[in-house]
$ cat run.pdb   # PDB, C-alpha atoms and all ligand atoms
ATOM      1  CA  MET I   2      79.942   2.470  97.116  1.00  0.00           C
ATOM      2  CA  PRO I   3      83.440   3.634  96.201  1.00  0.00           C
ATOM      3  CA  SER I   4      85.986   1.453  97.996  1.00  0.00           C
ATOM      4  CA  ASP I   5      87.972   4.491  99.113  1.00  0.00           C
ATOM      5  CA  CYS I   6      85.097   6.346 100.819  1.00  0.00           C
ATOM      6  CA  VAL I   7      86.122   7.233 104.381  1.00  0.00           C
ATOM      7  CA  PHE I   8      82.566   7.612 105.698  1.00  0.00           C
ATOM      8  CA  CYS I   9      81.425   4.293 104.161  1.00  0.00           C
ATOM      9  CA  LYS I  10      84.397   2.702 105.919  1.00  0.00           C
ATOM     10  CA  ILE I  11      83.442   4.319 109.239  1.00  0.00           C
ATOM     11  CA  ALA I  12      79.808   3.242 108.816  1.00  0.00           C
ATOM     12  CA  ASN I  13      80.954  -0.326 108.033  1.00  0.00           C
ATOM     13  CA  LYS I  14      83.396  -0.339 110.990  1.00  0.00           C
ATOM     14  CA  GLU I  15      86.322  -0.803 108.634  1.00  0.00           C
ATOM     15  CA  MET I  16      87.833   2.378 110.030  1.00  0.00           C
ATOM     16  CA  GLU I  17      88.098   3.633 113.614  1.00  0.00           C
ATOM     17  CA  SER I  18      85.915   6.497 114.762  1.00  0.00           C
ATOM     18  CA  GLU I  19      83.971   7.617 117.786  1.00  0.00           C
ATOM     19  CA  ILE I  20      80.465   6.548 116.843  1.00  0.00           C
ATOM     20  CA  VAL I  21      77.814   8.217 119.011  1.00  0.00           C
ATOM     21  CA  TYR I  22      74.691   6.886 117.274  1.00  0.00           C
ATOM     22  CA  GLU I  23      73.798   4.223 114.745  1.00  0.00           C
ATOM     23  CA  ASP I  24      70.763   2.471 113.365  1.00  0.00           C
ATOM     24  CA  SER I  25      70.001   0.604 110.152  1.00  0.00           C
ATOM     25  CA  ASP I  26      70.009   3.804 108.059  1.00  0.00           C
ATOM     26  CA  VAL I  27      72.084   6.435 109.845  1.00  0.00           C
ATOM     27  CA  VAL I  28      75.456   6.682 111.614  1.00  0.00           C
ATOM     28  CA  ALA I  29      76.791   9.621 113.645  1.00  0.00           C
ATOM     29  CA  PHE I  30      80.332  10.088 114.885  1.00  0.00           C
ATOM     30  CA  LYS I  31      82.621  12.764 116.289  1.00  0.00           C
ATOM     31  CA  ASP I  32      84.423  14.956 113.779  1.00  0.00           C
ATOM     32  CA  ILE I  33      88.140  14.173 113.884  1.00  0.00           C
ATOM     33  CA  SER I  34      88.981  17.894 113.781  1.00  0.00           C
ATOM     34  CA  PRO I  35      86.247  19.567 115.841  1.00  0.00           C
ATOM     35  CA  ALA I  36      85.366  23.205 115.152  1.00  0.00           C
ATOM     36  CA  ALA I  37      83.217  23.497 118.310  1.00  0.00           C
ATOM     37  CA  PRO I  38      82.864  21.682 121.665  1.00  0.00           C
ATOM     38  CA  VAL I  39      80.188  19.533 120.038  1.00  0.00           C
ATOM     39  CA  HIS I  40      80.973  18.660 116.419  1.00  0.00           C
ATOM     40  CA  LEU I  41      79.288  15.553 115.119  1.00  0.00           C
ATOM     41  CA  LEU I  42      78.863  14.229 111.598  1.00  0.00           C
ATOM     42  CA  VAL I  43      75.573  12.546 110.784  1.00  0.00           C
ATOM     43  CA  VAL I  44      75.645  10.393 107.641  1.00  0.00           C
ATOM     44  CA  PRO I  45      73.382   7.988 105.783  1.00  0.00           C
ATOM     45  CA  ARG I  46      74.734   4.429 105.504  1.00  0.00           C
ATOM     46  CA  LYS I  47      73.794   4.668 101.846  1.00  0.00           C
ATOM     47  CA  HIS I  48      76.586   6.235  99.828  1.00  0.00           C
ATOM     48  CA  ILE I  49      75.302   9.525  98.427  1.00  0.00           C
ATOM     49  CA  SER I  50      78.164  11.672  97.113  1.00  0.00           C
ATOM     50  CA  THR I  51      76.693  15.137  97.469  1.00  0.00           C
ATOM     51  CA  HIS I  52      73.492  16.941  98.351  1.00  0.00           C
ATOM     52  CA  GLN I  53      72.828  17.187  94.610  1.00  0.00           C
ATOM     53  CA  GLU I  54      72.649  13.399  94.386  1.00  0.00           C
ATOM     54  CA  VAL I  55      69.718  13.135  96.815  1.00  0.00           C
ATOM     55  CA  LEU I  56      66.776  11.375  95.130  1.00  0.00           C
ATOM     56  CA  GLU I  57      63.066  11.393  95.822  1.00  0.00           C
ATOM     57  CA  GLU I  58      63.434   7.836  97.156  1.00  0.00           C
ATOM     58  CA  ASP I  59      65.791   9.266  99.833  1.00  0.00           C
ATOM     59  CA  ALA I  60      63.082  11.512 101.316  1.00  0.00           C
ATOM     60  CA  TYR I  61      62.423   9.232 104.302  1.00  0.00           C
ATOM     61  CA  LEU I  62      66.153   8.845 104.927  1.00  0.00           C
ATOM     62  CA  LEU I  63      66.705  12.604 104.905  1.00  0.00           C
ATOM     63  CA  GLY I  64      63.800  13.156 107.279  1.00  0.00           C
ATOM     64  CA  LYS I  65      65.185  10.494 109.585  1.00  0.00           C
ATOM     65  CA  ILE I  66      68.598  12.169 109.591  1.00  0.00           C
ATOM     66  CA  HIS I  67      66.970  15.351 110.881  1.00  0.00           C
ATOM     67  CA  MET I  68      65.205  13.411 113.628  1.00  0.00           C
ATOM     68  CA  VAL I  69      68.567  11.887 114.612  1.00  0.00           C
ATOM     69  CA  ILE I  70      70.145  15.351 114.641  1.00  0.00           C
ATOM     70  CA  ASN I  71      67.431  16.535 117.037  1.00  0.00           C
ATOM     71  CA  GLU I  72      67.962  13.505 119.254  1.00  0.00           C
ATOM     72  CA  LEU I  73      71.723  14.056 119.306  1.00  0.00           C
ATOM     73  CA  ALA I  74      71.315  17.751 120.096  1.00  0.00           C
ATOM     74  CA  ARG I  75      69.325  16.705 123.164  1.00  0.00           C
ATOM     75  CA  ALA I  76      71.781  13.935 124.089  1.00  0.00           C
ATOM     76  CA  PHE I  77      74.690  16.409 123.915  1.00  0.00           C
ATOM     77  CA  GLN I  78      72.628  19.057 125.742  1.00  0.00           C
ATOM     78  CA  ILE I  79      72.899  21.753 123.097  1.00  0.00           C
ATOM     79  CA  GLU I  80      69.220  21.879 122.209  1.00  0.00           C
ATOM     80  CA  GLU I  81      68.429  24.807 124.524  1.00  0.00           C
ATOM     81  CA  ASP I  82      71.345  27.089 123.671  1.00  0.00           C
ATOM     82  CA  GLY I  83      71.104  26.187 120.011  1.00  0.00           C
ATOM     83  CA  TYR I  84      73.272  24.735 117.329  1.00  0.00           C
ATOM     84  CA  ARG I  85      74.065  24.814 113.639  1.00  0.00           C
ATOM     85  CA  VAL I  86      73.550  22.143 110.991  1.00  0.00           C
ATOM     86  CA  ILE I  87      75.726  22.429 107.882  1.00  0.00           C
ATOM     87  CA  VAL I  88      75.884  20.531 104.621  1.00  0.00           C
ATOM     88  CA  ASN I  89      78.680  21.381 102.226  1.00  0.00           C
ATOM     89  CA  CYS I  90      78.025  20.599  98.582  1.00  0.00           C
ATOM     90  CA  GLY I  91      80.758  20.729  95.992  1.00  0.00           C
ATOM     91  CA  LYS I  92      83.817  22.816  95.292  1.00  0.00           C
ATOM     92  CA  HIS I  93      82.697  26.287  96.382  1.00  0.00           C
ATOM     93  CA  SER I  94      81.396  24.984  99.704  1.00  0.00           C
ATOM     94  CA  GLY I  95      84.733  23.387 100.517  1.00  0.00           C
ATOM     95  CA  GLN I  96      83.309  19.867 100.620  1.00  0.00           C
ATOM     96  CA  VAL I  97      86.206  17.523 101.310  1.00  0.00           C
ATOM     97  CA  VAL I  98      84.550  14.158 101.907  1.00  0.00           C
ATOM     98  CA  TYR I  99      82.246  13.139  99.059  1.00  0.00           C
ATOM     99  CA  HIS I 100      79.749  11.155 101.139  1.00  0.00           C
ATOM    100  CA  LEU I 101      76.765  13.252 102.197  1.00  0.00           C
ATOM    101  CA  HIS I 102      77.160  14.383 105.807  1.00  0.00           C
ATOM    102  CA  PHE I 103      75.471  16.822 108.137  1.00  0.00           C
ATOM    103  CA  HIS I 104      77.724  18.723 110.519  1.00  0.00           C
ATOM    104  CA  LEU I 105      76.084  19.285 113.924  1.00  0.00           C
ATOM    105  CA  LEU I 106      77.908  22.089 115.730  1.00  0.00           C
ATOM    106  CA  GLY I 107      77.250  23.563 119.135  1.00  0.00           C
ATOM    107  CA  GLY I 108      78.414  24.058 122.700  1.00  0.00           C
ATOM    108  CA  LYS I 109      79.564  27.660 122.199  1.00  0.00           C
ATOM    109  CA  PRO I 110      78.286  30.754 120.390  1.00  0.00           C
ATOM    110  CA  LEU I 111      78.912  30.174 116.710  1.00  0.00           C
ATOM    111  CA  THR I 112      79.924  33.694 115.858  1.00  0.00           C
ATOM    112  CA  ASP I 113      81.688  33.071 112.581  1.00  0.00           C
ATOM    113  CA  SER I 114      79.756  34.167 109.523  1.00  0.00           C
ATOM    114  CA  LEU I 115      77.919  31.597 107.433  1.00  0.00           C
ATOM    115  CA  ALA I 116      80.089  32.285 104.443  1.00  0.00           C
ATOM    116  CA  GLU I 117      83.358  34.154 104.184  1.00  0.00           C
ATOM    117  CA  GLY I 118      83.217  37.122 101.893  1.00  0.00           C
ATOM    118  CA  ARG I 119      79.571  37.723 102.765  1.00  0.00           C
ATOM    119  CA  GLY I 120      77.979  40.270 100.483  1.00  0.00           C
ATOM    120  CA  ALA I 121      77.329  38.920  97.041  1.00  0.00           C
TER
HETATM  121  P1  LIG P   1      83.374  18.689 104.582  1.00  0.00           P
HETATM  122  O1  LIG P   1      84.302  19.843 104.339  1.00  0.00           O
HETATM  123  O2  LIG P   1      81.954  19.125 104.786  1.00  0.00           O
HETATM  124  O3  LIG P   1      83.514  17.609 103.533  1.00  0.00           O
HETATM  125  O4  LIG P   1      83.805  18.101 105.976  1.00  0.00           O
HETATM  126  C1  LIG P   1      84.463  16.888 106.161  1.00  0.00           C
HETATM  127  C2  LIG P   1      84.650  16.718 107.656  1.00  0.00           C
HETATM  128  O5  LIG P   1      85.021  15.375 107.897  1.00  0.00           O
HETATM  129  C3  LIG P   1      85.741  17.607 108.256  1.00  0.00           C
HETATM  130  O6  LIG P   1      85.180  18.393 109.306  1.00  0.00           O
HETATM  131  C4  LIG P   1      86.777  16.600 108.760  1.00  0.00           C
HETATM  132  O7  LIG P   1      87.386  17.023 109.964  1.00  0.00           O
HETATM  133  C5  LIG P   1      85.940  15.348 108.953  1.00  0.00           C
HETATM  134  N1  LIG P   1      86.654  14.087 108.855  1.00  0.00           N
HETATM  135  C6  LIG P   1      87.493  13.683 107.855  1.00  0.00           C
HETATM  136  N2  LIG P   1      87.930  12.436 108.089  1.00  0.00           N
HETATM  137  C7  LIG P   1      87.356  12.039 109.242  1.00  0.00           C
HETATM  138  C8  LIG P   1      87.435  10.838 110.023  1.00  0.00           C
HETATM  139  N3  LIG P   1      88.187   9.794 109.643  1.00  0.00           N
HETATM  140  N4  LIG P   1      86.705  10.776 111.169  1.00  0.00           N
HETATM  141  C9  LIG P   1      85.936  11.819 111.564  1.00  0.00           C
HETATM  142  N5  LIG P   1      85.838  12.977 110.872  1.00  0.00           N
HETATM  143  C10 LIG P   1      86.540  13.086 109.731  1.00  0.00           C
HETATM  144 ZN    ZN P   2      80.514   6.611 101.141  1.00  0.00          ZN
END
$ encode --input "run.pdb" --output "structure tokens" --more "lines below"
Ligand code: AMP
Ligand code: ZN
Amino acid sequence: MPSDCVFCKIANKEMESEIVYEDSDVVAFKDISPAAPVHLLVVPRKHISTHQEVLEEDAYLLGKIHMVINELARAFQIEEDGYRVIVNCGKHSGQVVYHLHFHLLGGKPLTDSLAEGRGA
């Protein structure tokens, strides 16, 4: 793990954050700059830089992350109205933190388009 990784530090409790879920594989915490009433980040404890770095051996971990997302959506009562799950990967996506993370957004209609400049 790179020593300067913010999400590794949060997962290891070396940096403050509002953790809402954790187990031996996965940690979830509130986004510091929320874009919706519910904006959580769900991350593997394992340092994986980007979505492109996911390996076959991570298949269980990735499945578990989605189960945690479902559980959190219920815990934050956004499962009925719906929500969005986003993974940014690399420069064009605007990825800022290079530790794989799943944004869980909800609590209001998410009317913004999926990608600016839609229309290839
Ligand atoms: P991305 O553009 O997908 O890399 O998104 C990174 C997200 O991490 C942004 O929504 C930031 O607001 C969020 N973020 C950055 N630092 C922290 C932090 N220390 N605690 C919680 N969220 C953070
Ligand atoms: Zn990391």
$ resolve_selection --input "run.pdb" --expression "the PyMOL selection byres (((chain I and resi 52-60) around 8) and not hetatm)" --output "PyMOL selection string"
chain I and resi 49-51+61-64+88-90+101
$ write_last_selection --input "run.pdb" --atoms "C-alpha atoms" --output "CSV table (one decimal), keeping the file's coordinate frame"
chain,number,residue,atom,x,y,z
I,49,ILE,CA,75.3,9.5,98.4
I,50,SER,CA,78.2,11.7,97.1
I,51,THR,CA,76.7,15.1,97.5
I,61,TYR,CA,62.4,9.2,104.3
I,62,LEU,CA,66.2,8.8,104.9
I,63,LEU,CA,66.7,12.6,104.9
I,64,GLY,CA,63.8,13.2,107.3
I,88,VAL,CA,75.9,20.5,104.6
I,89,ASN,CA,78.7,21.4,102.2
I,90,CYS,CA,78.0,20.6,98.6
I,101,LEU,CA,76.8,13.3,102.2
$ residues_around --input "run.pdb" --residues "Ala76 of chain I" --least-positions-apart "5" --cutoff "12 Å" --atoms "all atoms listed in the file" --output "PyMOL selection string"
chain I and resi 21-22+39+41+69-71+81
$ residues_near_point --input "run.pdb" --point "(84.5, 17.0, 115.0)" --cutoff "12 Å" --atoms "all atoms listed in the file" --output "PyMOL selection string"
chain I and resi 18-21+29-43+103-107
$ write_last_selection --input "run.pdb" --atoms "C-alpha atoms" --output "PDB file, in the frame of the given file"
ATOM      1  CA  SER I  18      85.915   6.497 114.762  1.00  0.00           C
ATOM      2  CA  GLU I  19      83.971   7.617 117.786  1.00  0.00           C
ATOM      3  CA  ILE I  20      80.465   6.548 116.843  1.00  0.00           C
ATOM      4  CA  VAL I  21      77.814   8.217 119.011  1.00  0.00           C
ATOM      5  CA  ALA I  29      76.791   9.621 113.645  1.00  0.00           C
ATOM      6  CA  PHE I  30      80.332  10.088 114.885  1.00  0.00           C
ATOM      7  CA  LYS I  31      82.621  12.764 116.289  1.00  0.00           C
ATOM      8  CA  ASP I  32      84.423  14.956 113.779  1.00  0.00           C
ATOM      9  CA  ILE I  33      88.140  14.173 113.884  1.00  0.00           C
ATOM     10  CA  SER I  34      88.981  17.894 113.781  1.00  0.00           C
ATOM     11  CA  PRO I  35      86.247  19.567 115.841  1.00  0.00           C
ATOM     12  CA  ALA I  36      85.366  23.205 115.152  1.00  0.00           C
ATOM     13  CA  ALA I  37      83.217  23.497 118.310  1.00  0.00           C
ATOM     14  CA  PRO I  38      82.864  21.682 121.665  1.00  0.00           C
ATOM     15  CA  VAL I  39      80.188  19.533 120.038  1.00  0.00           C
ATOM     16  CA  HIS I  40      80.973  18.660 116.419  1.00  0.00           C
ATOM     17  CA  LEU I  41      79.288  15.553 115.119  1.00  0.00           C
ATOM     18  CA  LEU I  42      78.863  14.229 111.598  1.00  0.00           C
ATOM     19  CA  VAL I  43      75.573  12.546 110.784  1.00  0.00           C
ATOM     20  CA  PHE I 103      75.471  16.822 108.137  1.00  0.00           C
ATOM     21  CA  HIS I 104      77.724  18.723 110.519  1.00  0.00           C
ATOM     22  CA  LEU I 105      76.084  19.285 113.924  1.00  0.00           C
ATOM     23  CA  LEU I 106      77.908  22.089 115.730  1.00  0.00           C
ATOM     24  CA  GLY I 107      77.250  23.563 119.135  1.00  0.00           C
TER      25      GLY I 107
END
$ residues_near_ligand --input "run.pdb" --ligand "ligand ZN 2 (chain P)" --cutoff "6 Å" --atoms "only C-alpha atoms and all ligand atoms" --output "compact mmCIF listing (two decimals) with C-alpha atoms, in the frame of the given file"
# COMPACT_ATOMS: atom_id res chain seq x y z
CA MET I 2 79.94 2.47 97.12
CA CYS I 6 85.10 6.35 100.82
CA PHE I 8 82.57 7.61 105.70
CA CYS I 9 81.42 4.29 104.16
CA HIS I 48 76.59 6.24 99.83
CA HIS I 100 79.75 11.16 101.14
$ closest_residue --input "run.pdb" --among "I:Arg85, I:Lys14, I:Lys65, I:Lys92" --to "Gly108 of chain I" --atoms "all atoms listed in the file"
I:Arg85
$ atom_distance --input "run.pdb" --atom1 "atom CA of His93 of chain I" --atom2 "atom CA of Ala12 of chain I"
26.3 Å
$ atom_distance --input "run.pdb" --atom1 "atom CA of Lys47 of chain I" --atom2 "atom CA of Val27 of chain I"
8.4 Å
$ axis_aligned_box --input "run.pdb" --around "segment 71-82 of chain I" --padding-each-side "6 Å" --output "AutoDock Vina command-line options"
--center_x 71.1 --center_y 20.3 --center_z 121.4 --size_x 19.3 --size_y 25.6 --size_z 20.7
$ build_atoms --input "run.pdb" --residues "segment 10-21 of chain I" --atoms "all heavy atoms" --output "mmCIF file, keeping the file's coordinate frame"
data_model
loop_
_atom_site.group_PDB
_atom_site.id
_atom_site.type_symbol
_atom_site.label_atom_id
_atom_site.label_comp_id
_atom_site.auth_asym_id
_atom_site.auth_seq_id
_atom_site.Cartn_x
_atom_site.Cartn_y
_atom_site.Cartn_z
ATOM 1 N N LYS I 10 83.535 3.557 105.089
ATOM 2 C CA LYS I 10 84.397 2.702 105.919
ATOM 3 C C LYS I 10 84.052 2.862 107.396
ATOM 4 O O LYS I 10 84.005 1.883 108.146
ATOM 5 C CB LYS I 10 85.871 3.038 105.682
ATOM 6 C CG LYS I 10 86.399 2.492 104.374
ATOM 7 C CD LYS I 10 87.886 2.745 104.251
ATOM 8 C CE LYS I 10 88.402 2.162 102.939
ATOM 9 N NZ LYS I 10 89.736 2.658 102.617
ATOM 10 N N ILE I 11 83.815 4.088 107.833
ATOM 11 C CA ILE I 11 83.442 4.319 109.239
ATOM 12 C C ILE I 11 82.100 3.645 109.522
ATOM 13 O O ILE I 11 81.941 2.946 110.531
ATOM 14 C CB ILE I 11 83.401 5.833 109.548
ATOM 15 C CG1 ILE I 11 84.828 6.387 109.611
ATOM 16 C CG2 ILE I 11 82.650 6.106 110.854
ATOM 17 C CD1 ILE I 11 84.925 7.885 109.791
ATOM 18 N N ALA I 12 81.141 3.829 108.616
ATOM 19 C CA ALA I 12 79.808 3.242 108.816
ATOM 20 C C ALA I 12 79.874 1.721 108.870
ATOM 21 O O ALA I 12 79.117 1.079 109.609
ATOM 22 C CB ALA I 12 78.866 3.704 107.700
ATOM 23 N N ASN I 13 80.803 1.139 108.088
ATOM 24 C CA ASN I 13 80.954 -0.326 108.033
ATOM 25 C C ASN I 13 81.931 -0.859 109.073
ATOM 26 O O ASN I 13 82.286 -2.047 109.031
ATOM 27 C CB ASN I 13 81.418 -0.761 106.640
ATOM 28 C CG ASN I 13 80.368 -0.480 105.584
ATOM 29 O OD1 ASN I 13 79.176 -0.488 105.866
ATOM 30 N ND2 ASN I 13 80.812 -0.210 104.367
ATOM 31 N N LYS I 14 82.420 0.037 109.941
ATOM 32 C CA LYS I 14 83.396 -0.339 110.990
ATOM 33 C C LYS I 14 84.700 -0.883 110.410
ATOM 34 O O LYS I 14 85.368 -1.710 111.028
ATOM 35 C CB LYS I 14 82.782 -1.358 111.958
ATOM 36 C CG LYS I 14 81.424 -0.994 112.534
ATOM 37 C CD LYS I 14 81.582 -0.283 113.864
ATOM 38 C CE LYS I 14 80.271 0.255 114.405
ATOM 39 N NZ LYS I 14 79.270 -0.726 114.715
ATOM 40 N N GLU I 15 85.030 -0.416 109.219
ATOM 41 C CA GLU I 15 86.322 -0.803 108.634
ATOM 42 C C GLU I 15 87.377 0.226 108.985
ATOM 43 O O GLU I 15 88.557 0.074 108.669
ATOM 44 C CB GLU I 15 86.201 -0.891 107.099
ATOM 45 C CG GLU I 15 85.342 -2.044 106.630
ATOM 46 C CD GLU I 15 84.898 -1.875 105.185
ATOM 47 O OE1 GLU I 15 85.480 -1.051 104.461
ATOM 48 O OE2 GLU I 15 83.934 -2.561 104.797
ATOM 49 N N MET I 16 86.922 1.315 109.613
ATOM 50 C CA MET I 16 87.833 2.378 110.030
ATOM 51 C C MET I 16 87.391 2.868 111.401
ATOM 52 O O MET I 16 86.186 2.968 111.664
ATOM 53 C CB MET I 16 87.794 3.510 109.003
ATOM 54 C CG MET I 16 88.832 4.576 109.238
ATOM 55 S SD MET I 16 88.710 5.890 108.023
ATOM 56 C CE MET I 16 89.801 5.255 106.779
ATOM 57 N N GLU I 17 88.364 3.155 112.248
ATOM 58 C CA GLU I 17 88.098 3.633 113.614
ATOM 59 C C GLU I 17 87.403 4.988 113.602
ATOM 60 O O GLU I 17 87.738 5.851 112.782
ATOM 61 C CB GLU I 17 89.428 3.806 114.355
ATOM 62 C CG GLU I 17 89.961 2.567 115.009
ATOM 63 C CD GLU I 17 89.193 2.186 116.254
ATOM 64 O OE1 GLU I 17 89.037 3.051 117.141
ATOM 65 O OE2 GLU I 17 88.739 1.034 116.319
ATOM 66 N N SER I 18 86.436 5.153 114.504
ATOM 67 C CA SER I 18 85.915 6.497 114.762
ATOM 68 C C SER I 18 85.084 6.420 116.023
ATOM 69 O O SER I 18 84.770 5.333 116.505
ATOM 70 C CB SER I 18 85.090 7.017 113.590
ATOM 71 O OG SER I 18 83.750 6.674 113.747
ATOM 72 N N GLU I 19 84.776 7.587 116.559
ATOM 73 C CA GLU I 19 83.971 7.617 117.786
ATOM 74 C C GLU I 19 82.501 7.718 117.427
ATOM 75 O O GLU I 19 81.950 8.829 117.311
ATOM 76 C CB GLU I 19 84.396 8.817 118.645
ATOM 77 C CG GLU I 19 85.145 8.395 119.899
ATOM 78 C CD GLU I 19 85.355 9.559 120.854
ATOM 79 O OE1 GLU I 19 86.331 10.286 120.646
ATOM 80 O OE2 GLU I 19 84.535 9.733 121.773
ATOM 81 N N ILE I 20 81.875 6.580 117.232
ATOM 82 C CA ILE I 20 80.465 6.548 116.843
ATOM 83 C C ILE I 20 79.598 6.870 118.064
ATOM 84 O O ILE I 20 79.807 6.314 119.145
ATOM 85 C CB ILE I 20 80.106 5.181 116.232
ATOM 86 C CG1 ILE I 20 80.823 5.028 114.877
ATOM 87 C CG2 ILE I 20 78.597 5.026 116.067
ATOM 88 C CD1 ILE I 20 80.569 3.731 114.145
ATOM 89 N N VAL I 21 78.677 7.807 117.896
ATOM 90 C CA VAL I 21 77.814 8.217 119.011
ATOM 91 C C VAL I 21 76.359 7.781 118.796
ATOM 92 O O VAL I 21 75.539 7.871 119.709
ATOM 93 C CB VAL I 21 77.880 9.750 119.247
ATOM 94 C CG1 VAL I 21 79.272 10.157 119.710
ATOM 95 C CG2 VAL I 21 77.475 10.527 117.999
#
